[in-house]
Amino acid sequence: MNMELSRRAFMRGAGAGLAGTAMGALGFGDIEAAHASSIRAYKLLGTTETRNTCTYCSVACGIITYAKGDLAKGEKATIIHIEGDVDHPTNRGTLCPKGAALLDYVHSETRLTQPKVRKPGSDRFETVSWDYALDRIARLMKDDRDRNLVEKNNDGVTVNRWTTTGFLAASATTNETAWLTYKVVRSAGMVVFDNQARV
Amino acid sequence: MAQLGSPGHDAVPIGEVVAPPFAKTPDPSALFRDRSARLRDLAPGHRLGAYLTFLAGLTEVQAALAEDLPPPDLPDAEALARSRAHGMPALDRERFPHDPACRDTLRRFFAGASAIEMPAESRQALSAIASADDETLAWMVQNVVRDSIPAHDAAPHVFVAAGTALHAARCASAVDASWLVPVGEGACPACGSAPVSSVIVGWEGAHGARFCVCSLCGTLWNAVRIRCTACGSTKGISYQELDDPEAAEGAVKAECCSECRTYLKVMQQAKHPALDPVADDVATLALDRLLAEDEDLRRSGRNPYLLGY
């Protein structure tokens, strides 16, 4: 905290801030009083601005998300605007066409919000629970790996290659997430793997 | 700001790489001329109209003198280099009280200000300081630069603050902005004073960057957005504005910090170029009142025209 701030807090405690105003001392006390009584016609409108990383690609541009409504006060928050972060060294305020359209993706009616599956032979997606989705994916991966894992190459050297399943990870991950993803995927023997989806 | 569901998006300045300068020193003539014009524009129909008109008069005197006065003295190259090496402001504002050029500027400012229309209380304060001796004047300038104006003696100090601001702006204008270095949280790199408010500028090469505006010398310095300018916290920053259907949405917001319980106004100059960091600070006093009453937040911005808030 800077000096000005701590000293001002002291001054306020000492009542100095309440004693007189420039406006009153200069002879504008009447309009100042009228102004004070008029402000009840207004209320405050709260917004938040939040730094984030664009979800699209490994460039990881900085974005600022504007939202209306205060979650801390139990209000429902809505994203009203997204723009490039001028202070971010990667993109310096710019966004590519996909990033510039982020707001429309956020509010898109067709945005995917829960797991869906299109079963073999079906012509439509159906909504499933996360438990079902994760169990099903694990089961299919295990079956495929048991069937197709290449344990040794032609020279008899152990290689443990799993070439029939690939893995595409998200781009806006942290270093830690990327590290974990790599460890899990490579330990399983998977060789078709992109941890940073390209544009 | 884009409305929900509308296809509108901000124009993206294609091919422009934003690389904001760290600081920009003022052009005093333009600074006070634009400010007085803005005050004149704001006054009609405003609840504080009479006060804004009075401030416009004061600012016009500042603007006229800015063109008229001889070029200010600069600290010598050795002193500048020393300040820079130690992360200190280029100008030592503690020298202003005893600087004959500052006193001369003040006396000419008082003479100019006597011609403007003002209430009896203002007139009385102005004539008292117009005849004040050097020592009294130095004491008052010291109160201004130290941000310790006695609350019971506000009126004469407002005139002294306006005159000192003119002197400081002229000194700062002579400093090469590329020489300035960061000197600390919420402190002007040119003179070390606190900001009055901050602006998001629309300049080419700095579009969308935020600058704090010095309350004394008018120098602008780059300050990262969504970060408290008083304590440096990035946690718990929120924005409050007046829910006023007549005002442009998002033009003037208060950047509130839940860590140090203060706020600084942020003005969207990129979208509303007429906004002035001092004039619109006074004109949006309703926002200060509501923030103090409803949210118990304090101003971190300093403005002699809003002394007491």
# chains A, B, ... in the order shown; residues from 1 in each chain; ligands from 1

$ residues_around --residues "A:Met23" --least-positions-apart "2" --cutoff "10 Å" --atoms "only C-alpha atoms" --output "mmCIF file with C-alpha atoms, in the first residue's frame"
data_model
loop_
_atom_site.group_PDB
_atom_site.id
_atom_site.type_symbol
_atom_site.label_atom_id
_atom_site.label_comp_id
_atom_site.auth_asym_id
_atom_site.auth_seq_id
_atom_site.Cartn_x
_atom_site.Cartn_y
_atom_site.Cartn_z
ATOM 1 C CA GLY A 20 -15.272 20.758 4.763
ATOM 2 C CA THR A 21 -15.401 20.461 1.013
ATOM 3 C CA ALA A 25 -15.864 26.611 1.064
ATOM 4 C CA LEU A 26 -15.929 28.306 -2.345
ATOM 5 C CA GLY A 27 -19.570 29.305 -1.886
ATOM 6 C CA PHE A 28 -21.279 26.539 -3.857
ATOM 7 C CA GLY A 29 -22.764 24.907 -0.761
ATOM 8 C CA ASP A 30 -26.348 25.289 -1.969
ATOM 9 C CA ILE A 31 -25.910 23.381 -5.231
ATOM 10 C CA GLU A 32 -23.752 20.869 -3.403
ATOM 11 C CA LEU B 48 -23.324 21.155 -10.464
ATOM 12 C CA TYR B 51 -19.492 24.983 -10.109
ATOM 13 C CA SER B 122 -14.467 32.515 -3.455
ATOM 14 C CA ALA B 154 -10.090 24.751 1.583
ATOM 15 C CA ALA B 155 -11.125 27.783 -0.494
ATOM 16 C CA VAL B 158 -8.153 25.476 -4.365
ATOM 17 C CA PRO B 304 -8.409 19.634 -5.359
ATOM 18 C CA TYR B 305 -11.782 20.628 -6.863
ATOM 19 C CA LEU B 306 -13.386 17.732 -4.961
ATOM 20 C CA LEU B 307 -11.592 18.342 -1.703
ATOM 21 C CA GLY B 308 -13.516 16.741 1.158
#

$ residues_around --residues "stretch 191-204 of chain B" --least-positions-apart "2" --cutoff "7 Å" --atoms "only C-alpha atoms" --output "VMD selection string"
chain B and resid 89 to 93 186 to 189 206 to 217 264 to 270 277 to 278 301 to 303

$ write_last_selection --atoms "N, CA and C atoms" --output "JSON list (two decimals), in the first residue's frame"
[["chain", "number", "residue", "atom", "x", "y", "z"],
["B", 89, "PRO", "N", 11.03, 10.30, -9.02],
["B", 89, "PRO", "CA", 10.40, 11.18, -10.00],
["B", 89, "PRO", "C", 11.41, 12.19, -10.55],
["B", 90, "ALA", "N", 11.21, 12.60, -11.82],
["B", 90, "ALA", "CA", 12.14, 13.54, -12.45],
["B", 90, "ALA", "C", 12.10, 14.91, -11.77],
["B", 91, "LEU", "N", 10.90, 15.34, -11.35],
["B", 91, "LEU", "CA", 10.76, 16.65, -10.71],
["B", 91, "LEU", "C", 10.62, 16.47, -9.20],
["B", 92, "ASP", "N", 11.24, 17.34, -8.45],
["B", 92, "ASP", "CA", 11.10, 17.32, -7.00],
["B", 92, "ASP", "C", 10.01, 18.32, -6.63],
["B", 93, "ARG", "N", 8.81, 17.81, -6.32],
["B", 93, "ARG", "CA", 7.71, 18.75, -6.08],
["B", 93, "ARG", "C", 7.87, 19.49, -4.75],
["B", 186, "GLY", "N", 0.86, 3.91, -7.79],
["B", 186, "GLY", "CA", 0.03, 5.11, -7.68],
["B", 186, "GLY", "C", 0.81, 6.40, -7.54],
["B", 187, "ALA", "N", 2.01, 6.47, -8.10],
["B", 187, "ALA", "CA", 2.80, 7.69, -8.01],
["B", 187, "ALA", "C", 3.26, 8.11, -9.41],
["B", 188, "CYS", "N", 3.12, 9.41, -9.69],
["B", 188, "CYS", "CA", 3.47, 9.94, -11.00],
["B", 188, "CYS", "C", 4.98, 9.86, -11.22],
["B", 189, "PRO", "N", 5.42, 9.33, -12.38],
["B", 189, "PRO", "CA", 6.86, 9.22, -12.63],
["B", 189, "PRO", "C", 7.53, 10.58, -12.84],
["B", 206, "ALA", "N", -1.51, 2.73, -28.99],
["B", 206, "ALA", "CA", -1.78, 2.48, -27.56],
["B", 206, "ALA", "C", -3.27, 2.22, -27.35],
["B", 207, "HIS", "N", -3.99, 1.95, -28.43],
["B", 207, "HIS", "CA", -5.44, 1.79, -28.38],
["B", 207, "HIS", "C", -5.86, 0.78, -27.31],
["B", 208, "GLY", "N", -6.68, 1.25, -26.36],
["B", 208, "GLY", "CA", -7.21, 0.34, -25.33],
["B", 208, "GLY", "C", -6.32, 0.22, -24.10],
["B", 209, "ALA", "N", -5.18, 0.89, -24.09],
["B", 209, "ALA", "CA", -4.31, 0.82, -22.90],
["B", 209, "ALA", "C", -4.79, 1.84, -21.87],
["B", 210, "ARG", "N", -4.54, 1.55, -20.60],
["B", 210, "ARG", "CA", -4.98, 2.44, -19.53],
["B", 210, "ARG", "C", -3.80, 3.28, -19.02],
["B", 211, "PHE", "N", -4.08, 4.55, -18.80],
["B", 211, "PHE", "CA", -3.07, 5.46, -18.27],
["B", 211, "PHE", "C", -3.63, 6.17, -17.04],
["B", 212, "CYS", "N", -2.83, 6.25, -15.98],
["B", 212, "CYS", "CA", -3.19, 7.07, -14.84],
["B", 212, "CYS", "C", -2.84, 8.51, -15.19],
["B", 213, "VAL", "N", -3.62, 9.46, -14.68],
["B", 213, "VAL", "CA", -3.38, 10.87, -14.95],
["B", 213, "VAL", "C", -2.97, 11.55, -13.65],
["B", 214, "CYS", "N", -1.82, 12.22, -13.69],
["B", 214, "CYS", "CA", -1.31, 12.86, -12.47],
["B", 214, "CYS", "C", -2.21, 14.02, -12.05],
["B", 215, "SER", "N", -2.52, 14.07, -10.74],
["B", 215, "SER", "CA", -3.40, 15.11, -10.22],
["B", 215, "SER", "C", -2.69, 16.45, -10.16],
["B", 216, "LEU", "N", -1.36, 16.45, -10.19],
["B", 216, "LEU", "CA", -0.64, 17.72, -10.08],
["B", 216, "LEU", "C", -0.12, 18.19, -11.44],
["B", 217, "CYS", "N", 0.67, 17.36, -12.13],
["B", 217, "CYS", "CA", 1.34, 17.85, -13.35],
["B", 217, "CYS", "C", 0.68, 17.38, -14.64],
["B", 264, "LEU", "N", -10.61, 4.03, -8.09],
["B", 264, "LEU", "CA", -10.15, 5.09, -8.98],
["B", 264, "LEU", "C", -11.06, 5.04, -10.21],
["B", 265, "LYS", "N", -11.45, 6.22, -10.69],
["B", 265, "LYS", "CA", -12.33, 6.23, -11.87],
["B", 265, "LYS", "C", -11.53, 5.86, -13.12],
["B", 266, "VAL", "N", -12.18, 5.10, -14.00],
["B", 266, "VAL", "CA", -11.60, 4.75, -15.29],
["B", 266, "VAL", "C", -12.49, 5.35, -16.37],
["B", 267, "MET", "N", -11.93, 6.17, -17.23],
["B", 267, "MET", "CA", -12.72, 6.83, -18.27],
["B", 267, "MET", "C", -12.40, 6.25, -19.64],
["B", 268, "GLN", "N", -13.45, 5.89, -20.38],
["B", 268, "GLN", "CA", -13.29, 5.23, -21.68],
["B", 268, "GLN", "C", -13.09, 6.27, -22.77],
["B", 269, "GLN", "N", -11.88, 6.86, -22.81],
["B", 269, "GLN", "CA", -11.62, 7.89, -23.83],
["B", 269, "GLN", "C", -11.58, 7.31, -25.24],
["B", 270, "ALA", "N", -11.23, 6.02, -25.35],
["B", 270, "ALA", "CA", -11.15, 5.42, -26.69],
["B", 270, "ALA", "C", -12.51, 5.50, -27.37],
["B", 277, "PRO", "N", -10.02, 13.77, -17.62],
["B", 277, "PRO", "CA", -9.76, 13.13, -16.32],
["B", 277, "PRO", "C", -10.10, 14.00, -15.11],
["B", 278, "VAL", "N", -10.07, 15.32, -15.25],
["B", 278, "VAL", "CA", -10.41, 16.19, -14.12],
["B", 278, "VAL", "C", -11.86, 16.66, -14.21],
["B", 301, "GLY", "N", -8.18, 8.57, -5.94],
["B", 301, "GLY", "CA", -7.84, 9.68, -6.83],
["B", 301, "GLY", "C", -7.91, 10.99, -6.06],
["B", 302, "ARG", "N", -6.99, 11.89, -6.41],
["B", 302, "ARG", "CA", -6.93, 13.16, -5.70],
["B", 302, "ARG", "C", -7.34, 14.28, -6.66],
["B", 303, "ASN", "N", -8.24, 15.12, -6.22],
["B", 303, "ASN", "CA", -8.69, 16.22, -7.06],
["B", 303, "ASN", "C", -8.98, 17.42, -6.16]]

$ residues_around --residues "A:Asn91" --least-positions-apart "2" --cutoff "10 Å" --atoms "only C-alpha atoms" --output "PyMOL selection string"
(chain A and resi 59-63+84-89+93-96) or (chain B and resi 17-18)

$ interface_residues --of "chain A" --to "chain B" --cutoff "9 Å" --atoms "only C-alpha atoms" --output "PyMOL selection string"
chain A and resi 1-2+4-5+8-9+16-28+31-32+34-36+38-40+42-51+66+70+78-83+85-87+91-95+100-101+103-104+107

$ atom_distance --atom1 "atom CA of B:Pro97" --atom2 "atom CA of B:Asp134"
9.2 Å

$ select_by_dssp --residues "chain A" --states "strand (DSSP E or B)" --output "PyMOL selection string"
chain A and resi 44-53+62-68+78-84+116-117+126-127+150-152+158-168+190-194

$ write_last_selection --atoms "N, CA and C atoms" --output "compact mmCIF listing (two decimals), in the first residue's frame"
# COMPACT_ATOMS: atom_id res chain seq x y z
N LEU A 44 -26.26 2.13 -8.21
CA LEU A 44 -25.01 1.69 -8.82
C LEU A 44 -25.25 0.48 -9.72
N LEU A 45 -24.47 0.40 -10.76
CA LEU A 45 -24.55 -0.72 -11.68
C LEU A 45 -23.18 -1.41 -11.65
N GLY A 46 -23.16 -2.65 -11.21
CA GLY A 46 -21.88 -3.34 -11.06
C GLY A 46 -21.52 -4.20 -12.26
N THR A 47 -20.27 -4.14 -12.67
CA THR A 47 -19.78 -5.04 -13.71
C THR A 47 -18.44 -5.59 -13.25
N THR A 48 -18.02 -6.70 -13.83
CA THR A 48 -16.68 -7.18 -13.55
C THR A 48 -15.93 -7.31 -14.87
N GLU A 49 -14.63 -7.16 -14.79
CA GLU A 49 -13.77 -7.41 -15.95
C GLU A 49 -12.77 -8.46 -15.48
N THR A 50 -12.65 -9.54 -16.22
CA THR A 50 -11.83 -10.66 -15.78
C THR A 50 -10.83 -11.04 -16.86
N ARG A 51 -9.57 -11.19 -16.46
CA ARG A 51 -8.53 -11.65 -17.39
C ARG A 51 -8.68 -13.14 -17.58
N ASN A 52 -8.49 -13.61 -18.82
CA ASN A 52 -8.50 -15.05 -19.06
C ASN A 52 -7.65 -15.33 -20.30
N THR A 53 -7.56 -16.60 -20.64
CA THR A 53 -6.82 -16.99 -21.83
C THR A 53 -7.81 -17.52 -22.84
N GLY A 62 -4.39 -13.34 -24.57
CA GLY A 62 -5.08 -12.81 -23.37
C GLY A 62 -6.39 -12.17 -23.76
N ILE A 63 -7.44 -12.44 -23.00
CA ILE A 63 -8.73 -11.80 -23.25
C ILE A 63 -9.25 -11.17 -21.97
N ILE A 64 -10.12 -10.18 -22.13
CA ILE A 64 -10.82 -9.58 -20.98
C ILE A 64 -12.31 -9.86 -21.18
N THR A 65 -12.90 -10.47 -20.17
CA THR A 65 -14.31 -10.83 -20.23
C THR A 65 -15.10 -9.86 -19.35
N TYR A 66 -16.07 -9.17 -19.91
CA TYR A 66 -16.92 -8.24 -19.17
C TYR A 66 -18.21 -8.95 -18.78
N ALA A 67 -18.57 -8.86 -17.50
CA ALA A 67 -19.82 -9.49 -17.07
C ALA A 67 -20.64 -8.53 -16.23
N LYS A 68 -21.94 -8.68 -16.36
CA LYS A 68 -22.90 -7.88 -15.58
C LYS A 68 -23.46 -8.77 -14.49
N THR A 78 -23.90 -12.42 -16.30
CA THR A 78 -23.98 -12.68 -17.73
C THR A 78 -22.78 -12.03 -18.41
N ILE A 79 -22.15 -12.75 -19.32
CA ILE A 79 -21.04 -12.17 -20.07
C ILE A 79 -21.60 -11.26 -21.14
N ILE A 80 -21.15 -9.99 -21.14
CA ILE A 80 -21.72 -9.03 -22.09
C ILE A 80 -20.73 -8.61 -23.17
N HIS A 81 -19.46 -8.88 -22.95
CA HIS A 81 -18.48 -8.39 -23.94
C HIS A 81 -17.15 -9.13 -23.72
N ILE A 82 -16.45 -9.42 -24.80
CA ILE A 82 -15.11 -10.02 -24.68
C ILE A 82 -14.18 -9.28 -25.64
N GLU A 83 -13.03 -8.87 -25.15
CA GLU A 83 -12.09 -8.18 -26.03
C GLU A 83 -10.67 -8.66 -25.76
N GLY A 84 -9.77 -8.36 -26.68
CA GLY A 84 -8.37 -8.71 -26.51
C GLY A 84 -7.75 -7.90 -25.38
N LYS A 116 -22.67 -36.01 -24.84
CA LYS A 116 -23.67 -36.60 -25.73
C LYS A 116 -23.04 -37.77 -26.45
N VAL A 117 -23.86 -38.73 -26.83
CA VAL A 117 -23.34 -39.88 -27.56
C VAL A 117 -24.23 -40.19 -28.76
N GLU A 126 -27.66 -38.43 -28.22
CA GLU A 126 -28.51 -38.38 -27.03
C GLU A 126 -27.66 -37.97 -25.82
N THR A 127 -28.29 -37.26 -24.92
CA THR A 127 -27.60 -36.76 -23.73
C THR A 127 -27.37 -37.90 -22.74
N VAL A 150 0.89 -53.07 -29.44
CA VAL A 150 2.07 -53.71 -30.01
C VAL A 150 3.13 -53.76 -28.93
N GLU A 151 3.37 -54.94 -28.37
CA GLU A 151 4.29 -55.01 -27.23
C GLU A 151 5.75 -55.06 -27.68
N LYS A 152 6.01 -55.81 -28.78
CA LYS A 152 7.40 -55.92 -29.25
C LYS A 152 7.46 -55.64 -30.75
N THR A 158 11.04 -54.56 -26.67
CA THR A 158 9.77 -54.08 -26.08
C THR A 158 9.53 -52.63 -26.46
N VAL A 159 8.36 -52.34 -27.07
CA VAL A 159 8.03 -50.96 -27.47
C VAL A 159 6.71 -50.46 -26.89
N ASN A 160 5.76 -51.37 -26.63
CA ASN A 160 4.44 -51.00 -26.05
C ASN A 160 3.78 -49.84 -26.79
N ARG A 161 3.57 -50.02 -28.10
CA ARG A 161 2.92 -48.97 -28.89
C ARG A 161 1.43 -49.23 -28.99
N TRP A 162 0.67 -48.15 -28.78
CA TRP A 162 -0.80 -48.24 -28.95
C TRP A 162 -1.15 -47.26 -30.05
N THR A 163 -1.34 -47.78 -31.27
CA THR A 163 -1.48 -46.90 -32.44
C THR A 163 -2.92 -46.77 -32.93
N THR A 164 -3.83 -47.51 -32.32
CA THR A 164 -5.20 -47.50 -32.85
C THR A 164 -6.11 -46.47 -32.17
N THR A 165 -5.62 -45.79 -31.13
CA THR A 165 -6.41 -44.74 -30.47
C THR A 165 -5.53 -43.49 -30.38
N GLY A 166 -6.14 -42.33 -30.70
CA GLY A 166 -5.40 -41.07 -30.62
C GLY A 166 -5.97 -40.18 -29.54
N PHE A 167 -5.23 -39.17 -29.19
CA PHE A 167 -5.66 -38.29 -28.11
C PHE A 167 -5.43 -36.83 -28.50
N LEU A 168 -6.51 -36.04 -28.46
CA LEU A 168 -6.42 -34.62 -28.79
C LEU A 168 -6.78 -33.83 -27.53
N MET A 190 0.12 -44.57 -26.01
CA MET A 190 -0.47 -43.87 -27.17
C MET A 190 0.59 -43.06 -27.90
N VAL A 191 0.64 -43.17 -29.22
CA VAL A 191 1.62 -42.39 -29.98
C VAL A 191 0.96 -41.30 -30.83
N VAL A 192 -0.34 -41.43 -31.07
CA VAL A 192 -1.04 -40.40 -31.84
C VAL A 192 -1.61 -39.40 -30.83
N PHE A 193 -0.93 -38.26 -30.67
CA PHE A 193 -1.23 -37.39 -29.54
C PHE A 193 -0.86 -35.96 -29.86
N ASP A 194 -1.81 -35.06 -29.67
CA ASP A 194 -1.52 -33.63 -29.80
C ASP A 194 -2.04 -32.93 -28.55

$ atom_distance --atom1 "atom CA of B:Val61" --atom2 "atom CA of B:Glu94"
24.4 Å
